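Asks: Structure file final_31.pdb (PDB, C-alpha atoms and all ligand atoms) is given on the next line.
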```pdb
ATOM      1  CA  MET A   1     -52.179 -89.874   1.138
ATOM      2  CA  ILE A   2     -50.373 -86.557   1.739
ATOM      3  CA  LYS A   3     -46.662 -86.862   0.984
ATOM      4  CA  ILE A   4     -44.260 -84.762   3.073
ATOM      5  CA  VAL A   5     -40.514 -84.114   2.965
ATOM      6  CA  LEU A   6     -39.135 -82.668   6.195
ATOM      7  CA  LEU A   7     -35.957 -80.560   6.161
ATOM      8  CA  GLY A   8     -34.334 -80.355   9.594
ATOM      9  CA  GLY A   9     -33.162 -82.554  12.416
ATOM     10  CA  GLY A  10     -33.634 -80.378  15.496
ATOM     11  CA  ASN A  11     -36.265 -80.237  18.251
ATOM     12  CA  VAL A  12     -39.287 -79.422  16.095
ATOM     13  CA  ALA A  13     -38.313 -81.674  13.174
ATOM     14  CA  HIS A  14     -37.791 -84.562  15.600
ATOM     15  CA  HIS A  15     -41.345 -84.277  16.979
ATOM     16  CA  LEU A  16     -42.948 -83.600  13.579
ATOM     17  CA  ALA A  17     -41.174 -86.643  12.087
ATOM     18  CA  THR A  18     -42.291 -88.897  14.964
ATOM     19  CA  LYS A  19     -45.889 -87.677  14.627
ATOM     20  CA  PHE A  20     -46.008 -87.899  10.808
ATOM     21  CA  ILE A  21     -44.670 -91.472  10.870
ATOM     22  CA  SER A  22     -47.542 -92.575  13.105
ATOM     23  CA  THR A  23     -50.326 -90.515  11.472
ATOM     24  CA  GLU A  24     -52.747 -92.194   9.079
ATOM     25  CA  GLY A  25     -53.159 -90.412   5.751
ATOM     26  CA  ILE A  26     -49.694 -88.827   5.986
ATOM     27  CA  GLU A  27     -46.618 -90.322   4.389
ATOM     28  CA  LEU A  28     -43.291 -88.886   5.512
ATOM     29  CA  VAL A  29     -41.306 -89.786   2.405
ATOM     30  CA  GLN A  30     -37.947 -88.305   3.427
ATOM     31  CA  ILE A  31     -36.030 -86.317   6.019
ATOM     32  CA  TYR A  32     -33.139 -84.071   5.000
ATOM     33  CA  ASN A  33     -30.645 -82.699   7.499
ATOM     34  CA  ARG A  34     -27.213 -81.097   7.130
ATOM     35  CA  THR A  35     -25.858 -83.555   9.718
ATOM     36  CA  LEU A  36     -27.015 -87.063   8.828
ATOM     37  CA  SER A  37     -26.179 -88.505  12.251
ATOM     38  CA  ASN A  38     -28.857 -86.280  13.856
ATOM     39  CA  ILE A  39     -31.658 -88.005  11.875
ATOM     40  CA  LEU A  40     -30.200 -91.517  11.770
ATOM     41  CA  LYS A  41     -32.739 -92.753  14.321
ATOM     42  CA  PHE A  42     -35.510 -92.331  11.717
ATOM     43  CA  SER A  43     -33.728 -94.335   9.015
ATOM     44  CA  ASP A  44     -35.674 -97.567   9.735
ATOM     45  CA  ASN A  45     -38.957 -95.839   8.850
ATOM     46  CA  VAL A  46     -38.055 -93.048   6.434
ATOM     47  CA  ALA A  47     -35.527 -92.310   3.700
ATOM     48  CA  ILE A  48     -32.926 -89.875   5.015
ATOM     49  CA  THR A  49     -30.417 -87.697   3.192
ATOM     50  CA  ASN A  50     -27.990 -84.824   3.650
ATOM     51  CA  ASN A  51     -27.938 -84.047  -0.062
ATOM     52  CA  LEU A  52     -30.426 -81.448  -1.331
ATOM     53  CA  LYS A  53     -30.065 -82.785  -4.890
ATOM     54  CA  GLU A  54     -31.576 -86.099  -3.731
ATOM     55  CA  LEU A  55     -34.881 -84.672  -2.452
ATOM     56  CA  LYS A  56     -37.881 -86.852  -3.270
ATOM     57  CA  GLU A  57     -41.229 -85.851  -4.788
ATOM     58  CA  ALA A  58     -43.836 -84.693  -2.237
ATOM     59  CA  ASP A  59     -46.924 -82.476  -1.809
ATOM     60  CA  LEU A  60     -45.320 -80.451   0.941
ATOM     61  CA  TYR A  61     -41.753 -79.505   1.967
ATOM     62  CA  ILE A  62     -41.420 -78.400   5.595
ATOM     63  CA  ILE A  63     -38.255 -76.452   6.483
ATOM     64  CA  SER A  64     -37.662 -76.663  10.230
ATOM     65  CA  ILE A  65     -34.150 -75.347  10.781
ATOM     66  CA  SER A  66     -32.591 -72.357  12.606
ATOM     67  CA  ASP A  67     -34.362 -69.089  11.707
ATOM     68  CA  ASN A  68     -31.129 -67.575  10.368
ATOM     69  CA  GLU A  69     -30.714 -70.346   7.798
ATOM     70  CA  ILE A  70     -34.252 -70.589   6.358
ATOM     71  CA  SER A  71     -33.614 -68.083   3.584
ATOM     72  CA  THR A  72     -30.342 -69.686   2.441
ATOM     73  CA  LEU A  73     -31.648 -73.261   2.507
ATOM     74  CA  SER A  74     -34.888 -72.380   0.705
ATOM     75  CA  SER A  75     -32.939 -70.603  -2.051
ATOM     76  CA  LYS A  76     -31.072 -73.849  -2.715
ATOM     77  CA  LEU A  77     -34.257 -75.854  -3.310
ATOM     78  CA  ASN A  78     -34.955 -76.366  -6.978
ATOM     79  CA  ILE A  79     -38.566 -77.525  -6.554
ATOM     80  CA  PRO A  80     -41.081 -75.724  -8.802
ATOM     81  CA  ASN A  81     -44.879 -75.846  -8.266
ATOM     82  CA  LYS A  82     -44.844 -77.289  -4.775
ATOM     83  CA  LEU A  83     -45.747 -75.904  -1.371
ATOM     84  CA  ILE A  84     -42.729 -75.022   0.791
ATOM     85  CA  VAL A  85     -43.314 -73.890   4.380
ATOM     86  CA  HIS A  86     -41.229 -72.957   7.401
ATOM     87  CA  THR A  87     -42.060 -73.564  11.086
ATOM     88  CA  SER A  88     -40.772 -70.304  12.578
ATOM     89  CA  GLY A  89     -42.779 -68.043  14.865
ATOM     90  CA  SER A  90     -40.741 -64.956  14.092
ATOM     91  CA  MET A  91     -39.793 -65.207  10.390
ATOM     92  CA  ASN A  92     -41.958 -63.617   7.690
ATOM     93  CA  LEU A  93     -43.437 -65.757   4.905
ATOM     94  CA  SER A  94     -41.172 -63.838   2.523
ATOM     95  CA  GLU A  95     -38.130 -65.266   4.339
ATOM     96  CA  LEU A  96     -38.683 -68.284   2.098
ATOM     97  CA  ASN A  97     -36.526 -67.570  -0.900
ATOM     98  CA  SER A  98     -38.202 -69.991  -3.233
ATOM     99  CA  ILE A  99     -39.495 -70.446  -6.788
ATOM    100  CA  SER A 100     -42.399 -72.458  -5.348
ATOM    101  CA  ARG A 101     -45.562 -71.570  -3.415
ATOM    102  CA  LYS A 102     -44.847 -70.446   0.141
ATOM    103  CA  GLY A 103     -46.448 -70.997   3.510
ATOM    104  CA  VAL A 104     -45.953 -71.072   7.270
ATOM    105  CA  PHE A 105     -46.646 -74.078   9.512
ATOM    106  CA  TYR A 106     -45.812 -72.694  12.960
ATOM    107  CA  PRO A 107     -46.533 -74.902  15.976
ATOM    108  CA  LEU A 108     -47.104 -72.618  18.953
ATOM    109  CA  GLN A 109     -45.567 -74.800  21.644
ATOM    110  CA  SER A 110     -42.182 -75.308  23.275
ATOM    111  CA  PHE A 111     -40.335 -78.320  21.795
ATOM    112  CA  SER A 112     -37.328 -80.183  23.186
ATOM    113  CA  LYS A 113     -36.171 -83.473  21.722
ATOM    114  CA  ASP A 114     -36.298 -85.281  25.052
ATOM    115  CA  THR A 115     -39.690 -84.015  26.221
ATOM    116  CA  LYS A 116     -42.926 -85.690  25.125
ATOM    117  CA  ILE A 117     -45.342 -83.640  23.046
ATOM    118  CA  ASP A 118     -49.092 -84.168  22.822
ATOM    119  CA  PHE A 119     -50.054 -82.742  19.437
ATOM    120  CA  SER A 120     -53.674 -82.310  20.542
ATOM    121  CA  GLU A 121     -52.203 -79.526  22.737
ATOM    122  CA  VAL A 122     -50.341 -77.850  19.873
ATOM    123  CA  PRO A 123     -52.114 -75.040  17.990
ATOM    124  CA  PHE A 124     -50.657 -74.460  14.531
ATOM    125  CA  CYS A 125     -50.521 -70.969  13.019
ATOM    126  CA  LEU A 126     -51.006 -71.373   9.289
ATOM    127  CA  GLU A 127     -50.317 -68.934   6.468
ATOM    128  CA  THR A 128     -50.324 -69.560   2.705
ATOM    129  CA  GLU A 129     -50.528 -67.607  -0.525
ATOM    130  CA  ASN A 130     -53.734 -69.331  -1.689
ATOM    131  CA  ASP A 131     -56.806 -71.130  -0.286
ATOM    132  CA  GLU A 132     -55.967 -74.535  -1.697
ATOM    133  CA  ASP A 133     -52.594 -74.619   0.075
ATOM    134  CA  PHE A 134     -54.269 -73.435   3.282
ATOM    135  CA  LYS A 135     -56.721 -76.348   3.057
ATOM    136  CA  LEU A 136     -53.817 -78.774   2.621
ATOM    137  CA  LEU A 137     -52.078 -77.512   5.788
ATOM    138  CA  GLN A 138     -55.378 -77.576   7.669
ATOM    139  CA  LYS A 139     -55.988 -81.164   6.554
ATOM    140  CA  ILE A 140     -52.569 -82.143   7.930
ATOM    141  CA  THR A 141     -53.170 -80.506  11.323
ATOM    142  CA  ASN A 142     -56.605 -82.211  11.504
ATOM    143  CA  LYS A 143     -54.998 -85.594  10.860
ATOM    144  CA  MET A 144     -52.460 -84.841  13.605
ATOM    145  CA  GLY A 145     -55.280 -84.013  16.050
ATOM    146  CA  SER A 146     -54.041 -80.429  16.366
ATOM    147  CA  SER A 147     -55.988 -77.196  16.144
ATOM    148  CA  SER A 148     -55.093 -74.555  13.570
ATOM    149  CA  TYR A 149     -55.511 -70.811  13.146
ATOM    150  CA  LYS A 150     -55.167 -68.522  10.134
ATOM    151  CA  ILE A 151     -52.472 -66.068  11.259
ATOM    152  CA  ASP A 152     -50.598 -63.814   8.817
ATOM    153  CA  SER A 153     -46.925 -62.835   9.190
ATOM    154  CA  GLU A 154     -47.689 -59.495  10.848
ATOM    155  CA  GLN A 155     -50.007 -61.127  13.401
ATOM    156  CA  ARG A 156     -47.497 -63.938  14.004
ATOM    157  CA  GLU A 157     -44.795 -61.415  14.888
ATOM    158  CA  LYS A 158     -47.105 -59.909  17.527
ATOM    159  CA  LEU A 159     -48.166 -63.371  18.710
ATOM    160  CA  HIS A 160     -44.519 -64.282  19.203
ATOM    161  CA  VAL A 161     -44.061 -61.253  21.500
ATOM    162  CA  ALA A 162     -47.183 -62.290  23.432
ATOM    163  CA  ALA A 163     -45.699 -65.791  23.756
ATOM    164  CA  VAL A 164     -42.508 -64.309  25.240
ATOM    165  CA  PHE A 165     -44.642 -62.632  27.929
ATOM    166  CA  VAL A 166     -46.747 -65.696  28.817
ATOM    167  CA  ASN A 167     -43.988 -68.293  28.493
ATOM    168  CA  ASN A 168     -40.401 -66.977  28.751
ATOM    169  CA  PHE A 169     -41.103 -64.143  31.214
ATOM    170  CA  VAL A 170     -43.417 -66.224  33.397
ATOM    171  CA  ASN A 171     -40.834 -69.022  33.477
ATOM    172  CA  HIS A 172     -38.164 -66.515  34.530
ATOM    173  CA  LEU A 173     -40.426 -65.446  37.393
ATOM    174  CA  TYR A 174     -40.654 -69.135  38.422
ATOM    175  CA  THR A 175     -36.832 -69.164  38.499
ATOM    176  CA  LEU A 176     -36.756 -66.080  40.750
ATOM    177  CA  GLY A 177     -39.430 -67.593  43.021
ATOM    178  CA  ASN A 178     -37.387 -70.796  43.186
ATOM    179  CA  GLU A 179     -34.319 -68.739  44.228
ATOM    180  CA  ILE A 180     -36.248 -67.089  47.062
ATOM    181  CA  CYS A 181     -37.388 -70.550  48.257
ATOM    182  CA  ASP A 182     -33.828 -71.957  48.063
ATOM    183  CA  GLU A 183     -32.400 -68.983  49.991
ATOM    184  CA  ASN A 184     -34.894 -69.643  52.800
ATOM    185  CA  ASN A 185     -34.823 -73.479  52.877
ATOM    186  CA  ILE A 186     -38.370 -73.798  51.550
ATOM    187  CA  PRO A 187     -39.113 -76.565  48.989
ATOM    188  CA  PHE A 188     -40.220 -75.050  45.644
ATOM    189  CA  ASP A 189     -42.710 -77.956  45.353
ATOM    190  CA  ILE A 190     -44.955 -76.186  47.862
ATOM    191  CA  LEU A 191     -45.683 -73.520  45.170
ATOM    192  CA  LYS A 192     -46.526 -75.977  42.378
ATOM    193  CA  PRO A 193     -50.274 -76.372  43.153
ATOM    194  CA  LEU A 194     -50.541 -72.550  43.083
ATOM    195  CA  ILE A 195     -48.694 -72.385  39.753
ATOM    196  CA  ASN A 196     -51.005 -75.048  38.293
ATOM    197  CA  GLU A 197     -54.176 -73.419  39.633
ATOM    198  CA  THR A 198     -53.149 -70.024  38.202
ATOM    199  CA  SER A 199     -52.782 -71.403  34.691
ATOM    200  CA  ASN A 200     -55.773 -73.795  34.960
ATOM    201  CA  LYS A 201     -58.052 -70.881  35.892
ATOM    202  CA  LEU A 202     -57.449 -69.382  32.455
ATOM    203  CA  ALA A 203     -59.576 -72.141  30.902
ATOM    204  CA  ASP A 204     -62.660 -70.334  32.228
ATOM    205  CA  LEU A 205     -61.513 -66.844  33.216
ATOM    206  CA  HIS A 206     -60.068 -63.847  31.344
ATOM    207  CA  PRO A 207     -56.541 -63.248  32.776
ATOM    208  CA  CYS A 208     -57.648 -59.789  33.865
ATOM    209  CA  LYS A 209     -60.400 -61.356  36.023
ATOM    210  CA  ALA A 210     -58.039 -64.022  37.421
ATOM    211  CA  GLN A 211     -55.588 -61.484  38.894
ATOM    212  CA  THR A 212     -55.220 -61.462  42.670
ATOM    213  CA  GLY A 213     -52.518 -60.177  45.061
ATOM    214  CA  PRO A 214     -51.363 -57.062  46.931
ATOM    215  CA  ALA A 215     -50.897 -54.856  43.836
ATOM    216  CA  LYS A 216     -54.467 -55.446  42.680
ATOM    217  CA  ARG A 217     -55.822 -54.845  46.198
ATOM    218  CA  GLY A 218     -53.634 -51.752  46.709
ATOM    219  CA  ASP A 219     -52.150 -53.279  49.892
ATOM    220  CA  THR A 220     -49.227 -50.863  50.245
ATOM    221  CA  LYS A 221     -48.105 -52.167  53.670
ATOM    222  CA  THR A 222     -47.574 -55.677  52.277
ATOM    223  CA  ILE A 223     -45.812 -54.287  49.196
ATOM    224  CA  GLU A 224     -43.396 -52.259  51.362
ATOM    225  CA  ASN A 225     -42.629 -55.339  53.485
ATOM    226  CA  HIS A 226     -41.942 -57.423  50.373
ATOM    227  CA  LEU A 227     -39.595 -54.797  48.936
ATOM    228  CA  LYS A 228     -37.565 -54.739  52.189
ATOM    229  CA  ILE A 229     -36.671 -58.433  51.887
ATOM    230  CA  LEU A 230     -35.766 -58.494  48.198
ATOM    231  CA  SER A 231     -32.369 -58.076  46.538
ATOM    232  CA  LYS A 232     -31.934 -55.125  44.123
ATOM    233  CA  ASN A 233     -32.695 -57.007  40.888
ATOM    234  CA  LYS A 234     -35.814 -58.643  42.348
ATOM    235  CA  GLN A 235     -36.908 -55.291  43.847
ATOM    236  CA  GLU A 236     -36.783 -53.676  40.392
ATOM    237  CA  ILE A 237     -38.813 -56.460  38.788
ATOM    238  CA  TYR A 238     -41.291 -56.490  41.693
ATOM    239  CA  THR A 239     -41.764 -52.703  41.484
ATOM    240  CA  LEU A 240     -42.239 -52.710  37.696
ATOM    241  CA  LEU A 241     -44.832 -55.496  37.766
ATOM    242  CA  THR A 242     -46.578 -54.072  40.837
ATOM    243  CA  LYS A 243     -46.956 -50.689  39.089
ATOM    244  CA  SER A 244     -48.254 -52.368  35.926
ATOM    245  CA  ILE A 245     -50.859 -54.390  37.862
ATOM    246  CA  ALA A 246     -51.923 -51.358  39.940
ATOM    247  CA  ASN A 247     -52.319 -49.255  36.759
ATOM    248  CA  SER A 248     -54.461 -51.967  35.148
ATOM    249  CA  TYR A 249     -56.899 -51.857  38.079
ATOM    250  CA  GLY A 250     -56.799 -48.088  38.632
ATOM    251  CA  LYS A 251     -55.076 -48.406  42.025
ATOM    252  CA  LYS A 252     -52.823 -45.617  43.366
ATOM    253  CA  LEU A 253     -49.823 -46.944  45.314
TER     254      LEU A 253
HETATM  255  N1  LIG A 301     -37.943 -75.387  19.635
HETATM  256  C1  LIG A 301     -39.107 -74.788  19.730
HETATM  257  O1  LIG A 301     -39.699 -74.787  20.831
HETATM  258  C2  LIG A 301     -39.779 -74.179  18.518
HETATM  259  C3  LIG A 301     -41.171 -73.965  18.577
HETATM  260  C4  LIG A 301     -41.819 -73.487  17.447
HETATM  261  C5  LIG A 301     -41.106 -73.168  16.313
HETATM  262  N2  LIG A 301     -39.742 -73.343  16.282
HETATM  263  C6  LIG A 301     -39.044 -73.031  15.021
HETATM  264  O2  LIG A 301     -38.710 -74.264  14.371
HETATM  265  C7  LIG A 301     -37.433 -74.122  13.688
HETATM  266  C8  LIG A 301     -36.449 -75.147  14.202
HETATM  267  O3  LIG A 301     -36.234 -74.932  15.583
HETATM  268  P1  LIG A 301     -35.572 -76.069  16.497
HETATM  269  O4  LIG A 301     -35.747 -75.616  17.916
HETATM  270  O5  LIG A 301     -36.080 -77.390  16.079
HETATM  271  O6  LIG A 301     -34.055 -75.908  16.072
HETATM  272  P2  LIG A 301     -32.794 -76.706  16.617
HETATM  273  O7  LIG A 301     -33.218 -77.822  17.512
HETATM  274  O8  LIG A 301     -31.823 -75.704  17.126
HETATM  275  O9  LIG A 301     -32.199 -77.360  15.295
HETATM  276  C9  LIG A 301     -31.597 -76.548  14.340
HETATM  277  C10 LIG A 301     -31.718 -77.202  12.979
HETATM  278  O10 LIG A 301     -31.205 -76.262  12.023
HETATM  279  C11 LIG A 301     -30.175 -76.900  11.289
HETATM  280  N3  LIG A 301     -29.160 -75.926  10.911
HETATM  281  C12 LIG A 301     -28.520 -75.035  11.721
HETATM  282  N4  LIG A 301     -27.650 -74.301  11.010
HETATM  283  C13 LIG A 301     -27.754 -74.739   9.724
HETATM  284  C14 LIG A 301     -27.104 -74.372   8.524
HETATM  285  N5  LIG A 301     -26.176 -73.405   8.486
HETATM  286  N6  LIG A 301     -27.455 -75.035   7.380
HETATM  287  C15 LIG A 301     -28.391 -76.017   7.406
HETATM  288  N7  LIG A 301     -29.044 -76.409   8.516
HETATM  289  C16 LIG A 301     -28.720 -75.764   9.662
HETATM  290  C17 LIG A 301     -29.604 -77.939  12.231
HETATM  291  O11 LIG A 301     -28.886 -78.893  11.482
HETATM  292  P3  LIG A 301     -27.745 -79.798  12.166
HETATM  293  O12 LIG A 301     -28.457 -80.930  12.840
HETATM  294  O13 LIG A 301     -26.923 -80.198  11.012
HETATM  295  O14 LIG A 301     -27.012 -78.904  13.144
HETATM  296  C18 LIG A 301     -30.898 -78.479  12.829
HETATM  297  O15 LIG A 301     -31.557 -79.342  11.928
HETATM  298  C19 LIG A 301     -37.018 -72.668  13.914
HETATM  299  O16 LIG A 301     -37.471 -71.905  12.828
HETATM  300  C20 LIG A 301     -37.743 -72.268  15.187
HETATM  301  O17 LIG A 301     -37.988 -70.878  15.256
HETATM  302  C21 LIG A 301     -39.067 -73.847  17.363
END
```
Take the structure from the file and write it as C-alpha cells.
Ligand SMILES: NC(=O)c1ccc[n+]([C@@H]2O[C@H](COP(=O)([O-])OP(=O)(O)OC[C@H]3O[C@@H](n4cnc5c(N)ncnc54)[C@H](OP(=O)(O)O)[C@@H]3O)[C@@H](O)[C@H]2O)c1
Replies:
Amino acid sequence: MIKIVLLGGGNVAHHLATKFISTEGIELVQIYNRTLSNILKFSDNVAITNNLKELKEADLYIISISDNEISTLSSKLNIPNKLIVHTSGSMNLSELNSISRKGVFYPLQSFSKDTKIDFSEVPFCLETENDEDFKLLQKITNKMGSSSYKIDSEQREKLHVAAVFVNNFVNHLYTLGNEICDENNIPFDILKPLINETSNKLADLHPCKAQTGPAKRGDTKTIENHLKILSKNKQEIYTLLTKSIANSYGKKL
C-alpha cells in the first residue's frame, strides 16, 4: 500500500484526492489545506487538517497549491527522508525548499473542480532526484491508469509553452470564431464537428500533414476577402497566422 499525504484543496488536489480514494493499492492518509472548509467534503473518507504540525506519516507528500506558494509551504515542512513533489508545469524541481527528497508529479491536463476527469487521459510528467523515487511515482500513475513520461525541469518549461500554443491559444481562436458566428447569427454548434475532426486527425497524422486552408494552398484571393470582413484585432491575428502557415509550406503570399 502506497501512503500519500496531499497538500492543497484546489482544482488539481480535488481530482487527485477523488482518484486516490478510489484507487486500489493507494491510501490517501490525509489532506492538508490552508482553508479547511475547501476540503471538508473529503472528511468522511480521509483525515483532513489545516495544521502543518499535524501531518501524518506517508511515503509521498504531494504539494498541489498555487505556484507562488510552493517554495514557502515546502520550507515549512519538517519531514526528513521522504519524497516531496509538486504538481506544477512551470516551476523547477528546485522550487521545493525542502530537507527531503524532491520530485515533480505534473499532470498535463486542464483541471476544474466541477468538470469530470478521466485519468486514463492524463499523462503525468515525472521528475525525481533518484531512480527509486521515480519508480514510486511511476507505480502510482500505473495504479491510476495514467501514462507517465520522464521530463526534467528544463523540458517541462518548454512543454508548458507548447501547451499554451495547443490549448490556451487554440481555445482563444475558438472564442474569436464564436464571436464571428454570433455577429452573423450563425450557431457556433455548426463548427463543432470540424473542431472535433481537426483534433481527432492528430491521432494518426503529424500536425504538419493535417494542415489545410487558404494559407497552405496560397489562395491569396480568399485571404484578401477574409481580411476585408474582419475587425482590426482579428485581421492582425489572421495575418500573423497566415504568414506563419505560408512560411511553413514555402508559399509566397
Ligand atoms: N488547474 C490546472 O489545470 C492545473 C493543471 C496542471 C497543474 N496545475 C498545477 O497544480 C497546482 C495547483 O493548481 P490548482 O489549479 O489546483 O490551484 P487552485 O485551484 O487555484 O488552488 C490553489 C490552492 O493553493 C492554495 N493556496 C493559495 N495561496 C496559498 C497560500 N498563501 N498558502 C497556502 N496555500 C495557498 C489554496 O488554498 P485555499 O483553499 O486555502 O485558498 C488552494 O489549495 C499549481 O502548481 C498548478 O500550476 C494546475
Asks: Please build the interface table for chain A against ligand LIG 301 (chain A) with a cut-off of 8 Å, listing for each qualifying residue the nearest atom pair and the distance in Å to one decimal; count only C-alpha atoms and all ligand atoms, order rows by chain and increasing number, and write it as a Markdown table.
Replies:
```
| residue | atom | partner | partner_atom | distance |
| --- | --- | --- | --- | --- |
| A:Leu7 | CA | A:LIG301 | O15 | 7.4 |
| A:Gly8 | CA | A:LIG301 | O15 | 3.8 |
| A:Gly9 | CA | A:LIG301 | O15 | 3.6 |
| A:Gly10 | CA | A:LIG301 | O7 | 3.3 |
| A:Asn11 | CA | A:LIG301 | O5 | 3.6 |
| A:Val12 | CA | A:LIG301 | O5 | 3.8 |
| A:Ala13 | CA | A:LIG301 | O5 | 5.6 |
| A:His14 | CA | A:LIG301 | O5 | 7.4 |
| A:Asn33 | CA | A:LIG301 | O15 | 5.6 |
| A:Arg34 | CA | A:LIG301 | O13 | 4.0 |
| A:Thr35 | CA | A:LIG301 | O13 | 3.8 |
| A:Leu36 | CA | A:LIG301 | O13 | 7.2 |
| A:Ser37 | CA | A:LIG301 | O12 | 7.9 |
| A:Asn38 | CA | A:LIG301 | O12 | 5.5 |
| A:Ile39 | CA | A:LIG301 | O12 | 7.8 |
| A:Ile63 | CA | A:LIG301 | C7 | 7.6 |
| A:Ser64 | CA | A:LIG301 | C7 | 4.3 |
| A:Ile65 | CA | A:LIG301 | O10 | 3.3 |
| A:Ser66 | CA | A:LIG301 | O10 | 4.2 |
| A:Asp67 | CA | A:LIG301 | O16 | 4.3 |
| A:Asn68 | CA | A:LIG301 | N4 | 7.6 |
| A:Glu69 | CA | A:LIG301 | C14 | 5.5 |
| A:Ile70 | CA | A:LIG301 | O16 | 7.3 |
| A:Thr72 | CA | A:LIG301 | N6 | 7.8 |
| A:Leu73 | CA | A:LIG301 | C15 | 6.5 |
| A:His86 | CA | A:LIG301 | O16 | 6.7 |
| A:Thr87 | CA | A:LIG301 | O2 | 4.7 |
| A:Ser88 | CA | A:LIG301 | O16 | 3.7 |
| A:Gly89 | CA | A:LIG301 | O17 | 5.6 |
| A:Ser90 | CA | A:LIG301 | O17 | 6.6 |
| A:Met91 | CA | A:LIG301 | O16 | 7.5 |
| A:Tyr106 | CA | A:LIG301 | C5 | 5.8 |
| A:Pro107 | CA | A:LIG301 | C4 | 5.1 |
| A:Leu108 | CA | A:LIG301 | C4 | 5.6 |
| A:Gln109 | CA | A:LIG301 | C3 | 5.4 |
| A:Ser110 | CA | A:LIG301 | O1 | 3.5 |
| A:Phe111 | CA | A:LIG301 | O1 | 3.7 |
| A:Ser112 | CA | A:LIG301 | N1 | 6.0 |
| A:Lys113 | CA | A:LIG301 | O7 | 7.6 |
```
Asks: Find the distance between atom CA of A:Pro193 and atom CA of A:Thr175 and write it in Å to one decimal.
Replies: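 So the two atoms, atom CA of A:Pro193 and atom CA of A:Thr175, lie 15.9 Å apart.
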Asks: Can you pull out every residue within 10 Å of stretch 153-162 of chain A, counting all atoms listed in the file, but drop anything in the same chain fewer than 3 positions away, and send it as an mmCIF file with C-alpha atoms, in the coordinates of the input?
Replies:
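Output file selection-v9.cif follows:
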```
data_model
loop_
_atom_site.group_PDB
_atom_site.id
_atom_site.type_symbol
_atom_site.label_atom_id
_atom_site.label_comp_id
_atom_site.auth_asym_id
_atom_site.auth_seq_id
_atom_site.Cartn_x
_atom_site.Cartn_y
_atom_site.Cartn_z
ATOM 1 C CA SER A 88 -40.772 -70.304 12.578
ATOM 2 C CA GLY A 89 -42.779 -68.043 14.865
ATOM 3 C CA SER A 90 -40.741 -64.956 14.092
ATOM 4 C CA MET A 91 -39.793 -65.207 10.390
ATOM 5 C CA ASN A 92 -41.958 -63.617 7.690
ATOM 6 C CA LEU A 93 -43.437 -65.757 4.905
ATOM 7 C CA SER A 94 -41.172 -63.838 2.523
ATOM 8 C CA GLY A 103 -46.448 -70.997 3.510
ATOM 9 C CA VAL A 104 -45.953 -71.072 7.270
ATOM 10 C CA TYR A 106 -45.812 -72.694 12.960
ATOM 11 C CA LEU A 108 -47.104 -72.618 18.953
ATOM 12 C CA CYS A 125 -50.521 -70.969 13.019
ATOM 13 C CA LEU A 126 -51.006 -71.373 9.289
ATOM 14 C CA GLU A 127 -50.317 -68.934 6.468
ATOM 15 C CA THR A 128 -50.324 -69.560 2.705
ATOM 16 C CA LYS A 150 -55.167 -68.522 10.134
ATOM 17 C CA PHE A 165 -44.642 -62.632 27.929
ATOM 18 C CA VAL A 166 -46.747 -65.696 28.817
ATOM 19 C CA ASN A 167 -43.988 -68.293 28.493
ATOM 20 C CA ASN A 168 -40.401 -66.977 28.751
#
```
Asks: Within 6 Å of A:Tyr61, counting all atoms listed in the file, which residues qualify if same-chain residues fewer than 6 places away don't, as a ChimeraX atom specification?
Replies: /A:4-6,84
Asks: I need the chosen residues saved as a short mmCIF file (atom, residue, chain, number, x, y, z; two decimals), in the coordinates of the input, with C-alpha atoms.
Replies:
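Written output follows (out-v7.cif):
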```
data_model
loop_
_atom_site.label_atom_id
_atom_site.label_comp_id
_atom_site.auth_asym_id
_atom_site.auth_seq_id
_atom_site.Cartn_x
_atom_site.Cartn_y
_atom_site.Cartn_z
CA ILE A 4 -44.26 -84.76 3.07
CA VAL A 5 -40.51 -84.11 2.96
CA LEU A 6 -39.14 -82.67 6.20
CA ILE A 84 -42.73 -75.02 0.79
#
```
Asks: When you draw a straight line from atom CA of A:Ile237 to atom CA of A:Asp204, how long is it in Å?
Replies: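 Interatomic distance here is 28.4 Å.
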Asks: Do you have the atom CA of A:Leu240-atom CA of A:Asn200 distance handy?
Replies: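 Separating atom CA of A:Leu240 from atom CA of A:Asn200 is a distance of 25.2 Å.
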